[in-house]
>>> print(open('my_file34.cif').read())   # mmCIF, C-alpha atoms
data_data
loop_
_atom_site.label_atom_id
_atom_site.label_comp_id
_atom_site.auth_asym_id
_atom_site.auth_seq_id
_atom_site.Cartn_x
_atom_site.Cartn_y
_atom_site.Cartn_z
CA MET T 620 47.04 -3.57 -12.03
CA ASN T 621 43.56 -3.86 -13.53
CA SER T 622 44.19 -7.41 -14.69
CA ILE T 623 40.90 -9.15 -13.99
CA LYS T 624 39.55 -8.34 -17.46
CA TYR T 625 42.57 -10.09 -19.00
CA LEU T 626 41.89 -13.12 -16.85
CA TYR T 627 38.26 -13.28 -17.97
CA ALA T 628 39.33 -12.70 -21.59
CA ALA T 629 41.79 -15.61 -21.47
CA TYR T 630 39.31 -18.02 -19.90
CA ALA T 631 36.55 -16.94 -22.29
CA ALA T 632 38.87 -17.30 -25.30
CA THR T 633 39.78 -20.83 -24.21
CA TRP T 634 36.15 -21.94 -24.07
CA ILE T 635 35.16 -20.10 -27.23
CA ILE T 636 37.89 -21.99 -29.13
CA HIS T 637 36.78 -25.33 -27.64
CA VAL T 638 33.09 -24.69 -28.33
CA PHE T 639 33.88 -23.58 -31.89
CA TYR T 640 35.86 -26.76 -32.52
CA LEU T 641 33.16 -28.99 -31.01
CA THR T 642 30.56 -27.24 -33.19
CA THR T 643 32.59 -28.03 -36.31
CA LEU T 644 32.73 -31.69 -35.20
CA VAL T 645 28.94 -31.81 -34.75
CA ARG T 646 28.44 -30.25 -38.19
CA ARG T 647 30.83 -32.71 -39.81
CA TYR T 648 29.02 -35.58 -38.10
CA SER T 649 25.61 -34.35 -39.32
CA ARG T 650 26.95 -34.04 -42.86
CA LEU T 651 28.30 -37.59 -42.75
CA ARG T 652 24.99 -38.94 -41.42
CA GLN T 653 23.25 -37.20 -44.32
CA GLN T 654 25.68 -38.75 -46.81
CA LEU T 655 25.13 -42.17 -45.26
CA ARG T 656 21.35 -41.77 -45.57
CA GLU T 657 21.73 -40.81 -49.24
CA LEU T 658 23.97 -43.80 -49.86
CA GLY T 659 21.41 -46.05 -48.17
CA LYS T 660 18.61 -44.80 -50.44
CA LYS T 661 20.55 -45.62 -53.64
CA MET R 613 31.36 -48.46 -24.82
CA LYS R 614 28.26 -46.45 -25.76
CA ARG R 615 27.30 -46.11 -22.08
CA LEU R 616 30.84 -45.26 -21.03
CA PHE R 617 31.02 -42.08 -23.12
CA PRO R 618 28.15 -40.19 -21.39
CA ILE R 619 29.43 -41.28 -17.96
CA LEU R 620 32.93 -40.02 -18.76
CA SER R 621 31.45 -36.81 -20.19
CA VAL R 622 29.61 -36.07 -16.93
CA ILE R 623 32.73 -36.83 -14.86
CA THR R 624 34.86 -34.61 -17.13
CA ALA R 625 32.33 -31.74 -16.99
CA ALA R 626 32.31 -31.95 -13.18
CA LEU R 627 36.11 -32.08 -13.11
CA LEU R 628 36.40 -29.05 -15.43
CA ALA R 629 33.95 -27.08 -13.26
CA TYR R 630 35.87 -28.04 -10.11
CA ALA R 631 39.19 -27.14 -11.77
CA LEU R 632 37.78 -23.74 -12.77
CA TYR R 633 36.60 -23.13 -9.19
CA GLU R 634 40.05 -24.08 -7.86
CA ALA R 635 41.76 -21.77 -10.36
CA MET R 636 39.50 -18.78 -9.77
CA VAL R 637 38.79 -19.06 -6.04
CA VAL R 638 41.02 -21.50 -4.16
CA ALA R 639 44.45 -20.89 -5.73
CA PRO R 640 46.47 -18.23 -3.88
CA THR R 641 46.83 -14.84 -5.58
CA GLU R 642 50.32 -14.20 -6.86
CA ARG R 643 51.96 -11.23 -5.10
CA THR R 644 53.34 -9.22 -8.03
CA MET R 645 51.07 -10.18 -10.95
CA GLY R 646 47.78 -10.41 -9.09
CA ASP R 647 44.80 -12.19 -10.60
CA VAL R 648 46.21 -12.23 -14.15
CA GLN R 649 48.59 -14.97 -13.01
CA ARG R 650 45.55 -17.29 -12.87
CA ILE R 651 45.71 -17.47 -16.70
CA PHE R 652 48.59 -19.84 -15.97
CA TYR R 653 46.06 -22.54 -14.88
CA TYR R 654 44.66 -22.67 -18.42
CA HIS R 655 47.77 -21.72 -20.38
CA VAL R 656 50.19 -24.32 -18.99
CA PRO R 657 47.80 -27.34 -18.91
CA SER R 658 46.78 -26.51 -22.50
CA ALA R 659 50.44 -26.53 -23.52
CA TRP R 660 51.12 -29.84 -21.74
CA THR R 661 48.02 -31.40 -23.30
CA ALA R 662 49.08 -30.22 -26.76
CA PHE R 663 52.57 -31.71 -26.23
CA LEU R 664 51.03 -34.99 -25.08
CA LEU R 665 48.78 -35.16 -28.15
CA PHE R 666 51.69 -34.38 -30.47
CA MET R 667 53.66 -37.21 -28.84
CA VAL R 668 50.76 -39.63 -29.41
CA ASN R 669 50.66 -38.35 -32.99
CA LEU R 670 54.38 -39.17 -33.29
CA VAL R 671 53.93 -42.71 -31.96
CA ALA R 672 50.89 -43.34 -34.19
CA SER R 673 52.78 -41.97 -37.22
CA VAL R 674 55.77 -44.24 -36.57
CA VAL R 675 53.43 -47.23 -36.13
CA TYR R 676 51.75 -46.31 -39.42
CA LEU R 677 55.10 -46.08 -41.24
CA ILE R 678 56.13 -49.50 -39.92
CA ARG R 679 52.86 -51.44 -40.18
CA ARG R 680 50.68 -49.37 -42.56
CA ASN R 681 47.86 -49.69 -40.06
CA PRO R 682 44.96 -47.35 -41.05
CA LYS R 683 43.79 -47.13 -37.41
CA ALA R 684 47.21 -45.71 -36.42
CA ASP R 685 46.91 -43.22 -39.29
CA ALA R 686 43.43 -42.19 -38.10
CA LEU R 687 44.72 -41.76 -34.53
CA ALA R 688 47.59 -39.61 -35.83
CA VAL R 689 45.18 -37.27 -37.67
CA VAL R 690 42.91 -37.01 -34.63
CA CYS R 691 45.74 -36.20 -32.20
CA ALA R 692 47.23 -33.60 -34.56
CA GLU R 693 43.88 -31.85 -34.96
CA VAL R 694 43.01 -31.78 -31.25
CA GLY R 695 46.64 -30.87 -30.45
CA VAL R 696 46.39 -27.85 -32.77
CA VAL R 697 43.25 -26.72 -30.91
CA PHE R 698 45.12 -26.83 -27.57
CA CYS R 699 48.20 -25.19 -29.09
CA THR R 700 45.96 -22.39 -30.44
CA ILE R 701 44.71 -21.81 -26.90
CA VAL R 702 48.33 -21.55 -25.71
CA LEU R 703 49.08 -18.96 -28.40
CA VAL R 704 45.95 -16.95 -27.53
CA THR R 705 46.13 -17.04 -23.72
CA GLY R 706 49.89 -16.33 -23.66
CA PRO R 707 49.63 -12.85 -25.23
CA ILE R 708 46.56 -12.05 -23.08
CA TRP R 709 48.77 -12.74 -20.03
CA ALA R 710 51.77 -10.93 -21.53
CA ARG R 711 49.94 -7.64 -22.22
CA PRO R 712 49.43 -6.60 -18.56
CA VAL R 713 52.61 -8.28 -17.27
CA TRP R 714 55.20 -7.45 -19.96
CA GLY R 715 53.36 -4.48 -21.46
CA ILE R 716 53.36 -6.09 -24.94
CA TRP R 717 51.20 -8.72 -26.64
CA TRP R 718 54.02 -10.53 -28.39
CA THR R 719 57.80 -10.65 -28.62
CA TRP R 720 60.01 -12.80 -30.85
CA ASP R 721 61.32 -14.65 -27.83
CA VAL R 722 62.66 -18.21 -28.35
CA ARG R 723 59.86 -19.92 -26.41
CA LEU R 724 57.13 -17.96 -28.16
CA THR R 725 58.66 -18.35 -31.60
CA THR R 726 59.27 -22.09 -31.29
CA THR R 727 55.67 -22.54 -30.09
CA LEU R 728 54.41 -20.61 -33.11
CA VAL R 729 56.60 -22.76 -35.38
CA LEU R 730 55.19 -25.90 -33.71
CA TRP R 731 51.65 -24.67 -34.37
CA LEU R 732 52.53 -23.88 -38.00
CA ILE R 733 54.04 -27.35 -38.54
CA TYR R 734 50.90 -29.10 -37.31
CA VAL R 735 48.60 -26.72 -39.21
CA SER R 736 50.56 -27.60 -42.36
CA TYR R 737 50.15 -31.28 -41.44
CA LEU R 738 46.37 -30.79 -41.33
CA VAL R 739 46.38 -28.78 -44.58
CA LEU R 740 48.33 -31.61 -46.24
CA ARG R 741 45.78 -34.16 -44.98
CA ARG R 742 42.88 -32.08 -46.17
CA PHE R 743 43.97 -30.97 -49.61
CA SER R 744 46.20 -33.75 -50.91
CA ASP R 745 44.48 -36.53 -52.88
CA SER R 746 47.52 -38.73 -53.31
CA ALA R 747 47.55 -42.24 -51.88
CA GLN R 748 50.97 -41.33 -50.45
CA THR R 749 49.50 -38.54 -48.29
CA PRO R 750 49.40 -40.58 -45.05
CA VAL R 751 53.08 -41.51 -45.52
CA LEU R 752 54.13 -37.91 -46.21
CA ALA R 753 52.04 -36.70 -43.26
CA ALA R 754 53.62 -39.31 -40.97
CA VAL R 755 57.10 -38.11 -41.95
CA LEU R 756 56.05 -34.48 -41.39
CA ALA R 757 54.67 -35.48 -37.98
CA ILE R 758 58.10 -36.87 -37.00
CA PHE R 759 59.73 -33.53 -37.88
CA GLY R 760 56.96 -31.69 -36.03
CA ALA R 761 57.50 -33.76 -32.90
CA LEU R 762 61.19 -32.76 -32.90
CA ASP R 763 60.04 -29.22 -32.15
CA VAL R 764 58.24 -30.28 -28.95
CA PRO R 765 61.40 -30.78 -26.81
CA LEU R 766 62.84 -27.65 -28.43
CA VAL R 767 59.83 -25.65 -27.20
CA TYR R 768 60.00 -27.13 -23.70
CA PHE R 769 63.77 -26.83 -23.18
CA SER R 770 64.19 -23.51 -25.03
CA ILE R 771 63.95 -21.61 -21.76
CA TRP R 772 66.82 -23.67 -20.33
CA PHE R 773 69.11 -23.30 -23.33
CA PHE R 774 68.47 -19.66 -24.28
CA ARG R 775 68.06 -16.35 -22.50
CA THR R 776 64.35 -15.68 -22.63
CA GLN R 777 61.66 -13.43 -21.24
CA HIS R 778 59.35 -16.36 -20.65
CA PRO R 779 58.98 -17.56 -17.02
CA GLN R 780 61.07 -20.59 -16.01
CA PRO R 781 59.54 -24.08 -16.23
CA VAL R 782 57.39 -24.94 -13.22
CA ILE R 783 58.48 -28.59 -13.20
CA GLY R 784 62.09 -29.69 -13.49
CA GLY R 785 63.39 -26.16 -14.02
CA GLY R 786 64.69 -23.23 -12.02
CA GLY R 787 61.25 -21.83 -11.21
CA SER R 788 59.65 -22.35 -7.81
CA LEU R 789 55.93 -22.87 -7.47
CA ASP R 790 53.78 -22.52 -4.37
CA PRO R 791 52.42 -26.02 -3.42
CA GLY R 792 48.86 -24.62 -3.49
CA MET R 793 49.38 -23.38 -7.03
CA GLY R 794 51.00 -26.64 -8.07
CA ARG R 795 48.00 -28.63 -6.84
CA VAL R 796 45.55 -26.42 -8.79
CA LEU R 797 47.76 -26.67 -11.86
CA LEU R 798 47.70 -30.48 -11.73
CA ILE R 799 43.91 -30.57 -11.20
CA ASN R 800 43.45 -28.37 -14.26
CA TRP R 801 45.81 -30.52 -16.30
CA LEU R 802 43.94 -33.67 -15.29
CA ALA R 803 40.63 -32.02 -16.28
CA PHE R 804 42.06 -30.90 -19.63
CA CYS R 805 43.51 -34.37 -20.30
CA CYS R 806 40.10 -35.99 -19.64
CA PHE R 807 38.47 -33.42 -21.92
CA ALA R 808 41.07 -33.99 -24.66
CA PHE R 809 40.58 -37.76 -24.36
CA LEU R 810 36.82 -37.40 -24.89
CA VAL R 811 37.25 -35.03 -27.83
CA CYS R 812 39.79 -37.41 -29.40
CA TRP R 813 37.42 -40.33 -28.88
CA SER R 814 34.58 -38.49 -30.67
CA ARG R 815 36.90 -37.29 -33.41
CA TYR R 816 38.28 -40.81 -33.92
CA ARG R 817 34.76 -42.19 -34.40
CA LEU R 818 34.08 -39.38 -36.86
CA GLU R 819 37.29 -40.15 -38.74
CA MET R 820 36.43 -43.84 -39.07
CA LEU R 821 32.90 -42.97 -40.22
CA GLN R 822 34.36 -40.54 -42.76
CA ARG R 823 36.58 -43.28 -44.16
CA GLU R 824 33.62 -45.67 -44.40
CA VAL R 825 31.61 -43.08 -46.35
CA GLU R 826 34.51 -42.42 -48.70
CA GLU R 827 34.94 -46.14 -49.25
CA ALA R 828 31.21 -46.50 -49.97
CA HIS R 829 31.37 -43.60 -52.46
CA ALA R 830 34.34 -45.20 -54.18
CA MET R 831 32.53 -48.56 -54.38
CA GLU R 832 29.45 -46.82 -55.73
CA SER R 833 31.56 -45.17 -58.43
CA LEU R 834 33.01 -48.56 -59.36
CA VAL R 835 29.62 -50.26 -59.61
CA GLY R 836 27.69 -47.32 -61.10
CA ALA R 837 30.08 -46.66 -63.95
CA ASP R 838 29.66 -50.11 -65.44
CA GLY R 839 33.10 -51.46 -64.80
CA VAL R 840 36.17 -49.30 -64.65
CA SER R 841 35.48 -45.64 -64.05
CA ALA R 842 37.75 -42.68 -63.64
CA LYS R 843 36.34 -42.19 -60.16
CA ALA R 844 37.34 -45.71 -59.25
CA SER R 845 40.93 -44.58 -58.98
CA LEU R 846 40.09 -42.30 -56.05
CA PRO R 847 42.17 -43.20 -52.99
CA LEU R 848 40.12 -44.68 -50.17
CA ASN R 849 42.36 -43.42 -47.43
CA ARG R 850 41.73 -39.78 -48.12
CA SER R 851 41.84 -37.44 -45.14
CA PRO R 852 38.64 -36.00 -43.62
CA ARG R 853 36.80 -33.03 -45.12
#
>>> encode(input="my_file34.cif", output="structure tokens")
Amino acid sequence: MNSIKYLYAAYAATWIIHVFYLTTLVRRYSRLRQQLRELGKK
Amino acid sequence: MKRLFPILSVITAALLAYALYEAMVVAPTERTMGDVQRIFYYHVPSAWTAFLLFMVNLVASVVYLIRRNPKADALAVVCAEVGVVFCTIVLVTGPIWARPVWGIWWTWDVRLTTTLVLWLIYVSYLVLRRFSDSAQTPVLAAVLAIFGALDVPLVYFSIWFFRTQHPQPVIGGGGSLDPGMGRVLLINWLAFCCFAFLVCWSRYRLEMLQREVEEAHAMESLVGADGVSAKASLPLNRSPR
């Protein structure tokens, strides 16, 4: 059974999902920091 | 606390790397499935971590319903979101394992279907939090979370109660697991739990910051509109964007 490619695919998919989610968190955090800066200026 | 986070991050990264090494190199190769069985070391710990997060979400939701504590509500949102991420991994890695072993990507088996339903319930929870503006949203979401949590034992015990294609449970069930495999499984679960804890910690801080910003915007609307403004009626406990 040529299964090694499925193993790599599963492990890669796991980390792609985690990295994608962490990226969305970083973007949300940056957006909030920007909003806070704008609120501070007013 | 600020110094603890980077220390825990380094420990977790090292633990994840060690767990990956154990799963890929040290764990014995299963006789019939071969290397594809190693998907199990990511699939099962992801499922257990998702269940754990959904249980924390349940407890936080019940605490919120009893005490109306906004911190419990924030914790519930965080655990549901991170739990959905882990549940997504379960639903992605499962079919990747099933294709070479069963010959199909998906079947409407009880375990698979109840897991998909669980994922859909918590996705709808997050959609409710995101798109509902009502001040009652946290209460409705907490009630939905209680119903969602009822599906967790159904998913776990479905392979005991129904005839299913899915392998038997590795702990407390009819399945037998090689001690070497069991050790690697537990190491991976520990690594995933540490990772989930760190992600939840970051997400919780983000959630609290989000609420502060929304509160500041609401206050600004109140002050800027010279008394009572239409914007002033915006709920302060709105879910994160």
>>> interface_residues(input="my_file34.cif", of="chain R", to="chain T", cutoff="9 Å", atoms="only C-alpha atoms", output="PDB file with C-alpha atoms, keeping the file's coordinate frame")
ATOM      1  CA  MET R 645      51.070 -10.180 -10.950  1.00  0.00           C
ATOM      2  CA  GLY R 646      47.780 -10.410  -9.090  1.00  0.00           C
ATOM      3  CA  ASP R 647      44.800 -12.190 -10.600  1.00  0.00           C
ATOM      4  CA  VAL R 648      46.210 -12.230 -14.150  1.00  0.00           C
ATOM      5  CA  GLN R 649      48.590 -14.970 -13.010  1.00  0.00           C
ATOM      6  CA  ARG R 650      45.550 -17.290 -12.870  1.00  0.00           C
ATOM      7  CA  ILE R 651      45.710 -17.470 -16.700  1.00  0.00           C
ATOM      8  CA  TYR R 654      44.660 -22.670 -18.420  1.00  0.00           C
ATOM      9  CA  HIS R 655      47.770 -21.720 -20.380  1.00  0.00           C
ATOM     10  CA  VAL R 694      43.010 -31.780 -31.250  1.00  0.00           C
ATOM     11  CA  VAL R 697      43.250 -26.720 -30.910  1.00  0.00           C
ATOM     12  CA  PHE R 698      45.120 -26.830 -27.570  1.00  0.00           C
ATOM     13  CA  THR R 700      45.960 -22.390 -30.440  1.00  0.00           C
ATOM     14  CA  ILE R 701      44.710 -21.810 -26.900  1.00  0.00           C
ATOM     15  CA  VAL R 702      48.330 -21.550 -25.710  1.00  0.00           C
ATOM     16  CA  VAL R 704      45.950 -16.950 -27.530  1.00  0.00           C
ATOM     17  CA  THR R 705      46.130 -17.040 -23.720  1.00  0.00           C
ATOM     18  CA  GLY R 706      49.890 -16.330 -23.660  1.00  0.00           C
ATOM     19  CA  ILE R 708      46.560 -12.050 -23.080  1.00  0.00           C
ATOM     20  CA  TRP R 709      48.770 -12.740 -20.030  1.00  0.00           C
ATOM     21  CA  ARG R 711      49.940  -7.640 -22.220  1.00  0.00           C
ATOM     22  CA  PRO R 712      49.430  -6.600 -18.560  1.00  0.00           C
ATOM     23  CA  VAL R 713      52.610  -8.280 -17.270  1.00  0.00           C
ATOM     24  CA  VAL R 811      37.250 -35.030 -27.830  1.00  0.00           C
ATOM     25  CA  SER R 814      34.580 -38.490 -30.670  1.00  0.00           C
ATOM     26  CA  ARG R 815      36.900 -37.290 -33.410  1.00  0.00           C
ATOM     27  CA  LEU R 818      34.080 -39.380 -36.860  1.00  0.00           C
ATOM     28  CA  LEU R 821      32.900 -42.970 -40.220  1.00  0.00           C
ATOM     29  CA  GLN R 822      34.360 -40.540 -42.760  1.00  0.00           C
ATOM     30  CA  VAL R 825      31.610 -43.080 -46.350  1.00  0.00           C
ATOM     31  CA  ALA R 828      31.210 -46.500 -49.970  1.00  0.00           C
ATOM     32  CA  HIS R 829      31.370 -43.600 -52.460  1.00  0.00           C
ATOM     33  CA  GLU R 832      29.450 -46.820 -55.730  1.00  0.00           C
ATOM     34  CA  ARG R 853      36.800 -33.030 -45.120  1.00  0.00           C
TER      35      ARG R 853
END
>>> closest_residue(input="my_file34.cif", among="R:Ala688, R:Ile623, R:Leu798, R:Val674", to="R:Ala635", atoms="only C-alpha atoms")
R:Leu798
>>> closest_residue(input="my_file34.cif", among="R:Val638, R:Val696, R:Ile619, R:Val656", to="R:Leu802", atoms="all atoms listed in the file")
R:Val656
>>> axis_aligned_box(input="my_file34.cif", around="stretch 640-655 of chain T", padding_each_side="8 Å", output="AutoDock Vina command-line options")
--center_x 29.6 --center_y -34.5 --center_z -38.9 --size_x 28.6 --size_y 31.4 --size_z 31.8
>>> resolve_selection(input="my_file34.cif", expression="the PyMOL selection byres ((chain R and resi 666) around 8)", output="list in words")
Ala662, Phe663, Leu664, Leu665, Met667, Val668, Asn669, Leu670, Cys691, Ala692, Gly695, Ala761 and Val764 of chain R
>>> write_last_selection(input="my_file34.cif", atoms="C-alpha atoms", output="PDB file, in the frame of the given file")
ATOM      1  CA  ALA R 662      49.080 -30.220 -26.760  1.00  0.00           C
ATOM      2  CA  PHE R 663      52.570 -31.710 -26.230  1.00  0.00           C
ATOM      3  CA  LEU R 664      51.030 -34.990 -25.080  1.00  0.00           C
ATOM      4  CA  LEU R 665      48.780 -35.160 -28.150  1.00  0.00           C
ATOM      5  CA  MET R 667      53.660 -37.210 -28.840  1.00  0.00           C
ATOM      6  CA  VAL R 668      50.760 -39.630 -29.410  1.00  0.00           C
ATOM      7  CA  ASN R 669      50.660 -38.350 -32.990  1.00  0.00           C
ATOM      8  CA  LEU R 670      54.380 -39.170 -33.290  1.00  0.00           C
ATOM      9  CA  CYS R 691      45.740 -36.200 -32.200  1.00  0.00           C
ATOM     10  CA  ALA R 692      47.230 -33.600 -34.560  1.00  0.00           C
ATOM     11  CA  GLY R 695      46.640 -30.870 -30.450  1.00  0.00           C
ATOM     12  CA  ALA R 761      57.500 -33.760 -32.900  1.00  0.00           C
ATOM     13  CA  VAL R 764      58.240 -30.280 -28.950  1.00  0.00           C
TER      14      VAL R 764
END
>>> atom_distance(input="my_file34.cif", atom1="atom CA of R:Val767", atom2="atom CA of R:Arg723")
5.8 Å
>>> atom_distance(input="my_file34.cif", atom1="atom CA of R:Ser658", atom2="atom CA of R:Cys806")
11.9 Å
>>> closest_residue(input="my_file34.cif", among="R:Ala631, R:Leu687, R:Leu677, R:Met831", to="R:Leu752", atoms="only C-alpha atoms")
R:Leu677
